[in-house]
Amino acid sequence: MKMWWPKILLFILYSSLCCVTGAEEIISVFGYEGKEAQVSCSYDEGYESYEKYLCRNDCGSDDDVLITTTQGSKNRYSISDDTNKKVFTATISNLNKNDAGKYWCGVTRSGKDYYPAEVELKVVSDTCCDSFTKVQSYEGGSVAISCPYESQDQNNMKYICRRNQPSSCLQQALITSNNRQNTQFSLTDDKESRKFTVTITSLTQKDSGSYLCGVHRNTGLDVFSAVDLKVIENTCCDSFTKVQSYEGGSVSISCSYESQDQNNMKYICRGSQPSSCLQQALITSNNRQNTQFSLNDDKVSRKFTVTITSLTQKDSGSYLCGVKRNTELDVFSAVDLEVRENTCCRSSIKVQSYEGGSVSISCPYESQDQNNMKYICRGNQPSSCLQQALITSNNRQNTQFSLTDDKESRKFTVTITSLTPKDSGSYLCGVKRNTGLDVFSAVDLEVREWCCVKSNKLSGTVGRPLTMQCPYPPQHGTNRKFLCKGDHHRNCTDMVTSQNSSGQSDVRFTLLDDVSSSSFSVTITELKAGDAGTYWCGSDSQWTFGNYTKIQLSLGKRATQLQCS
């Protein structure tokens, strides 16, 4: 009988020390890898002077005891006891995933130890998150970051921090819902939609990077959503389309876009800063016309066209074609507009001819323009030249104008016939360019009044004879000579010729040709009152300038014999 008592006592002692059978409460503790976790355990009054400890597993061996208040600190563990509050706190530093699991808060006493709490420690990675929201904006501009949260967090503190380490996010918060505005950041909380919005102004590229939207939880870890912010240089673009036009004219700017943007708003602005382009839009697809600008969207070809009228040189400069994106940044293409003075050119070719005759205007062009349309217009305004073309290479002939194109010599020639003084003035030879402005060369045409080698005034007496002398070039010795009467050489009736006297209507006129002196004379045997007027005598049926004599005959009362000198 005596042999059984020591065994019974040993079994009772082992049962009281080998394991924990229960605790007054269960505590959940969370910590991040690489950081620390604090386990705070309350105990009953009367245990202030007792040793406290933190242990793992079933606390059945010394190895399970991690730290005691007698030790104070050991390796990664430390412990402190606030006897006034009757709370002792154990701290585990440099957490790793293996630290996760069950712990016990223990109080050493005789017999069975007292375990005021069971602890469940969860260790999570100090990074966030599996996914993130991508946000972009421009230098100098602003951005609004929208952060959703759960309904249970409506009244909890919200905040935002840089980088993606949840453990230090609240301590490094840029702004919180308790302090909603500072120089660069502001925070608004829409509890109805369960979203808080952080607005960042005066952006620089240094603001690019990772951000965490945080919601503080009174128990457990705070909850986060991740944002990646990219701040782009506030200029656009790597390339641009060059467009040219003339003062007083108009220009059409074509802006292409992607198929996904067919129903999105389109717009155009001046300058090259995307951040303020929409706010400063000159016109949008929602408001398609104003005094100077109009916008047309061709969804089939995925191009919208902005037409600018009444151009001045002040309209020259950079423009951005913009397409509104509902998520992410708007997309842009750049245009450089040059408005030129509506005159051409610095130099001109001078061409002369005479009324009634013709002239050929030669217009050179570059090899690249061989197959392009050529044309000519009056004046010196390039903007309206094609619309007012007198003739084009697509329509090469009309009553007065004809056009021939010699591609080998790269010259086109415009011939103008039946010239009058009204044809005098400035002309532009134009070559149509498919891209860019048409190219021009200037011509100044002077149509001179047809005149003669010599102009004489003669007077005679009715009833008396009169002789007119008409010189001609020596090479015209065998040419037909003639005298005609009329106010103008183009409207002149032959009075006598050297070749056909039989058909002569007035026998009073006789012509005598002296080839040796390169001159012929015409005698009127008996002047009549109707003989007064303008006569033309010559030897060139083509009426070439300079081969004629103009004679103005008047009749007086005295008989006078006059000869042309």
# chains A, B, ... in the order shown; residues from 1 in each chain; ligands from 1
call {"tool": "residues_around", "arguments": {"residues": "Leu282 of chain A", "least_positions_apart": "2", "cutoff": "8 Å", "atoms": "only C-alpha atoms", "output": "PyMOL selection string"}}
result
chain A and resi 267-270+280+284+293
call {"tool": "write_last_selection", "arguments": {"atoms": "N, CA and C atoms", "output": "PDB file, in the first residue's frame"}}
result
ATOM      1  N   TYR A 267     -11.335  66.448 -78.777  1.00  0.00           N
ATOM      2  CA  TYR A 267     -11.159  67.881 -78.586  1.00  0.00           C
ATOM      3  C   TYR A 267      -9.792  68.306 -79.099  1.00  0.00           C
ATOM      4  N   ILE A 268      -9.582  69.615 -79.170  1.00  0.00           N
ATOM      5  CA  ILE A 268      -8.287  70.165 -79.577  1.00  0.00           C
ATOM      6  C   ILE A 268      -7.982  71.367 -78.707  1.00  0.00           C
ATOM      7  N   CYS A 269      -6.698  71.553 -78.403  1.00  0.00           N
ATOM      8  CA  CYS A 269      -6.280  72.705 -77.603  1.00  0.00           C
ATOM      9  C   CYS A 269      -4.971  73.240 -78.163  1.00  0.00           C
ATOM     10  N   ARG A 270      -4.616  74.424 -77.745  1.00  0.00           N
ATOM     11  CA  ARG A 270      -3.336  75.010 -78.128  1.00  0.00           C
ATOM     12  C   ARG A 270      -2.266  74.594 -77.132  1.00  0.00           C
ATOM     13  N   GLN A 280      -8.750  73.699 -71.458  1.00  0.00           N
ATOM     14  CA  GLN A 280      -8.506  74.827 -72.357  1.00  0.00           C
ATOM     15  C   GLN A 280      -8.884  74.488 -73.804  1.00  0.00           C
ATOM     16  N   THR A 284     -14.852  70.920 -78.780  1.00  0.00           N
ATOM     17  CA  THR A 284     -14.967  69.501 -78.447  1.00  0.00           C
ATOM     18  C   THR A 284     -16.046  68.870 -79.315  1.00  0.00           C
ATOM     19  N   PHE A 293     -13.857  77.733 -85.158  1.00  0.00           N
ATOM     20  CA  PHE A 293     -13.516  76.313 -85.161  1.00  0.00           C
ATOM     21  C   PHE A 293     -14.747  75.446 -85.390  1.00  0.00           C
TER      22      PHE A 293
END
call {"tool": "residues_around", "arguments": {"residues": "Lys102 of chain A", "least_positions_apart": "6", "cutoff": "10 Å", "atoms": "only C-alpha atoms", "output": "ChimeraX atom specification"}}
result
/A:27-28,55-58,118-122
call {"tool": "write_last_selection", "arguments": {"atoms": "N, CA and C atoms", "output": "tab-separated table (two decimals), in the first residue's frame"}}
result
chain	number	residue	atom	x	y	z
A	27	ILE	N	-6.75	35.31	-27.32
A	27	ILE	CA	-6.32	36.58	-27.92
A	27	ILE	C	-5.77	36.31	-29.32
A	28	SER	N	-6.23	37.10	-30.30
A	28	SER	CA	-5.67	37.02	-31.66
A	28	SER	C	-4.68	38.16	-31.84
A	55	CYS	N	4.76	31.14	-23.45
A	55	CYS	CA	5.23	29.84	-23.90
A	55	CYS	C	4.47	29.39	-25.13
A	56	ARG	N	5.03	28.39	-25.80
A	56	ARG	CA	4.43	27.84	-27.02
A	56	ARG	C	3.97	26.42	-26.78
A	57	ASN	N	3.31	25.92	-27.78
A	57	ASN	CA	2.85	24.54	-27.79
A	57	ASN	C	2.03	24.27	-26.53
A	58	ASP	N	2.35	23.17	-25.80
A	58	ASP	CA	1.58	22.84	-24.59
A	58	ASP	C	2.27	23.30	-23.31
A	118	GLU	N	-5.01	32.38	-23.93
A	118	GLU	CA	-4.45	31.64	-25.06
A	118	GLU	C	-4.26	32.64	-26.20
A	119	VAL	N	-3.14	32.55	-26.89
A	119	VAL	CA	-2.80	33.53	-27.94
A	119	VAL	C	-2.67	32.81	-29.28
A	120	GLU	N	-3.34	33.36	-30.32
A	120	GLU	CA	-3.19	32.87	-31.69
A	120	GLU	C	-2.47	33.94	-32.50
A	121	LEU	N	-1.22	33.67	-32.87
A	121	LEU	CA	-0.40	34.65	-33.60
A	121	LEU	C	-0.40	34.32	-35.10
A	122	LYS	N	-0.73	35.33	-35.90
A	122	LYS	CA	-0.67	35.20	-37.36
A	122	LYS	C	0.41	36.14	-37.87
call {"tool": "atom_distance", "arguments": {"atom1": "atom CA of Ser42 of chain A", "atom2": "atom CA of Asn156 of chain A"}}
result
26.2 Å
call {"tool": "residues_around", "arguments": {"residues": "Arg378 of chain A", "least_positions_apart": "4", "cutoff": "10 Å", "atoms": "only C-alpha atoms", "output": "ChimeraX atom specification"}}
result
/A:382,384-385,388-390,423-429,442-444
call {"tool": "select_by_dssp", "arguments": {"residues": "segment 73-300 of chain A", "states": "strand (DSSP E or B)", "output": "count of residues only"}}
result
111
